[in-house]
Amino acid sequence: MLKYFSADWVFPVSSPPIKNGLVAVNPDGEIKEVLAEEDWVNLDLDFIKYKGAIVPGFVNTHCHLELSHMLDQIPEQTGLVEFVQHVIKRRQSEPDQIDLAMQKADKQMFDNGIVAVGDISNQISSKKVKESSKVYYHTFIEALGFNPERAGAIIDHLREIKRDFEPLPTTIVPHAPYTVSPELFELIRQEAEKSNTFISVHNQETVDENAFFESKTGGFLKLYKFLGMDLSFFDPKNKTSLKTWLPYIKKQKTLLVHNTVTNRADIEFAKQSNPNLYWCLCPQANLYIENALPDVDLLMDENLKITLGTDSLASNHQLNILSEMLTLQQRKQVPFEKLLSWATINGAEFLELDQQMGTLDVGKKPGVNLIQLSANFKIESDKVQRLI
């Protein structure tokens with residue numbers, strides 16, 4: 001039997017919003033009809049009318065589920081270099097504690113209307129949670145190895161983790177340009193090409209990242225000293241981080257995550273280098289770590305494909321895409337409909353789920369959320385009511 005939901009507004013995303021629209025959904029979540037008021041008002045239907053707006057389920061393209069046990073353990077606004085050191089020091093914990101924290105985080109995302117997640121993993125610990133989850137996960141198995149001599153051994157180890165994750169969908173990806181050698185980047189690219197899949201990489205999260213690649217200066221020298229790394233092999237090229245690493249990837253579909261200090265010249269270079277890029281914003285994590293946000297106006301001016309992420313509970317107080325949208329609306333005045341496309345169809349496209357999710361279109365199973373908007377389409381709360 002179909003379930004019918006109506007609200008002040010229905011946002012299909014693939015078409016303009018519908019005032020007093022109605023959505024018909026199968027018990028398994030498949031959209032059967034999306035109707036304007038004039039098409040259903042005279043029908044004898046048993047439906048629920050809500051105050052607010054009906055939207056598709058949200059897609060979180062960047063999360064670290066396995067860091068969920070670090071909630072409220074790391075001080076805010078330390079800067080990335082110190083933050084990374086805190087993560088390394090606190091990463092190990094009791095397996096039961098880590099597992100319970102991941103279960104809670106997974107449920108939190110489901111309750112917050114998230115239907116799909118691009119999740120970073122460094123080990124197999126999150127597999128059990130993902131196997132039983134109501135949320136779809138694509139796991140990005142993260143490579144770290146800046147010493148070129150270690151590239152072969154590292155990729156072999158990551159292939160083992162990838163096999164251990166089967167049959168769940170996975171991709172081997174680079175962590176960040178400052179932790180992945182050109183040789184390791186090349187092996188990752190070959191893996192992605194062989195599987196014809198997409199990758200994700202942390203990009204330009206701090207000014208220290210550009211300083212290191214331009215002149216081998218800045219805060220990352222402190223990080224490498226903390227890690228006990230000899231950097232004598234590294235020769236800076238007087239280029240920003242993005243201009244240094246992006247050519248290693250060539251034309252593979254890639255998600256650039258954070259982009260806090262990305263400038264116009266970087267974007268122009270990126271467009272010329274790879275037409276298949278997506279740009280993920282994690283605003284609350286940026287504020288938590290660096291107390292800074294990307295130049296969102298610039299990213300919009302450049303007409304980039306933008307997605308949204310939450311990052312981890314090590315760098316965020318919650319895993320809630322609507323809360324990320326609210327932050328961008330309040331601090332950057334991004335229009336709601338643009339935010340909604342970033343939170344739904346763009347993320348679904350990147351994860352290659354757009355035939356199933358991302359819009360309220362007939363035949364899809366995108367999830368159905370209810371949120372509260374003002375008359376001029378301003379998000380009034382980060383509370384989500386998941387209808388389907």
# chains A, B, ... in the order shown; residues from 1 in each chain; ligands from 1
>>> select_by_dssp(residues="segment 196-325 of chain A", states="strand (DSSP E)", output="PyMOL selection string")
chain A and resi 199-203+254-258+277-281+306-308
>>> closest_atom_pairs(of="segment 295-366 of chain A", to="segment 21-40 of chain A", cutoff="6 Å", atoms="only C-alpha atoms", output="Markdown table")
| residue | atom | partner | partner_atom | distance |
| --- | --- | --- | --- | --- |
| A:Val362 | CA | A:Ile31 | CA | 4.8 |
| A:Gly363 | CA | A:Ile31 | CA | 5.4 |
| A:Lys364 | CA | A:Glu30 | CA | 5.5 |
| A:Lys365 | CA | A:Glu30 | CA | 4.5 |
>>> select_by_dssp(residues="segment 199-369 of chain A", states="alpha helix (DSSP H)", output="number ranges by chain")
A: 207-215, 220-227, 241-249, 264-273, 283-289, 296-301, 321-332, 336-343, 345-350
>>> atom_distance(atom1="atom CA of Leu277 of chain A", atom2="atom CA of Leu299 of chain A")
12.3 Å
>>> closest_atom_pairs(of="segment 76-168 of chain A", to="segment 196-199 of chain A", cutoff="12 Å", atoms="only C-alpha atoms", output="CSV")
residue,atom,partner,partner_atom,distance
A:Gly118,CA,A:Ile199,CA,10.0
A:Asp119,CA,A:Ile199,CA,11.4
A:Ile120,CA,A:Ile199,CA,10.8
A:His138,CA,A:Phe198,CA,10.4
A:Thr139,CA,A:Ile199,CA,10.2
A:Phe140,CA,A:Ile199,CA,7.5
A:Ile141,CA,A:Ile199,CA,9.7
A:Glu142,CA,A:Ile199,CA,9.9
A:Ala143,CA,A:Ile199,CA,11.4
>>> residues_around(residues="segment 202-205 of chain A", least_positions_apart="4", cutoff="9 Å", atoms="only C-alpha atoms", output="list in words")
Leu80, Pro174, His175, Ala176, Pro177, Glu209, Asn210, Thr240, Ser241, Leu242, Leu255, Leu256, Val257, His258, Asn259, Thr260, Val261, Thr262, Asn286, Glu290 and Pro294 of chain A
>>> closest_atom_pairs(of="segment 255-309 of chain A", to="segment 336-352 of chain A", cutoff="12 Å", atoms="only C-alpha atoms", output="tab-separated table")
residue	atom	partner	partner_atom	distance
A:Leu255	CA	A:Phe350	CA	7.7
A:Leu256	CA	A:Phe350	CA	11.2
A:Asn276	CA	A:Phe350	CA	9.6
A:Leu277	CA	A:Phe350	CA	9.0
A:Tyr278	CA	A:Phe350	CA	7.1
A:Trp279	CA	A:Trp342	CA	9.7
A:Cys280	CA	A:Gly347	CA	8.7
A:Leu281	CA	A:Trp342	CA	9.3
A:Cys282	CA	A:Ala343	CA	11.2
A:Val296	CA	A:Leu339	CA	11.3
A:Met300	CA	A:Lys338	CA	9.4
A:Asn303	CA	A:Lys338	CA	11.2
A:Leu304	CA	A:Trp342	CA	10.4
A:Lys305	CA	A:Asn346	CA	6.8
A:Ile306	CA	A:Trp342	CA	5.5
A:Thr307	CA	A:Trp342	CA	4.5
A:Leu308	CA	A:Ala343	CA	5.6
A:Gly309	CA	A:Ala343	CA	8.4
>>> residues_around(residues="Ser195 of chain A", least_positions_apart="3", cutoff="12 Å", atoms="only C-alpha atoms", output="number ranges by chain")
A: 169-172, 188-192, 198-199, 252
>>> residues_around(residues="segment 144-146 of chain A", least_positions_apart="2", cutoff="7 Å", atoms="only C-alpha atoms", output="ChimeraX atom specification")
/A:142,148,150-151,174-175,178-181
>>> atom_distance(atom1="atom CA of Tyr288 of chain A", atom2="atom CA of Asp99 of chain A")
24.1 Å
>>> residues_around(residues="Tyr248 of chain A", least_positions_apart="6", cutoff="7 Å", atoms="only C-alpha atoms", output="PyMOL selection string")
chain A and resi 182+185-186
>>> atom_distance(atom1="atom CA of Glu131 of chain A", atom2="atom CA of Asp164 of chain A")
12.5 Å
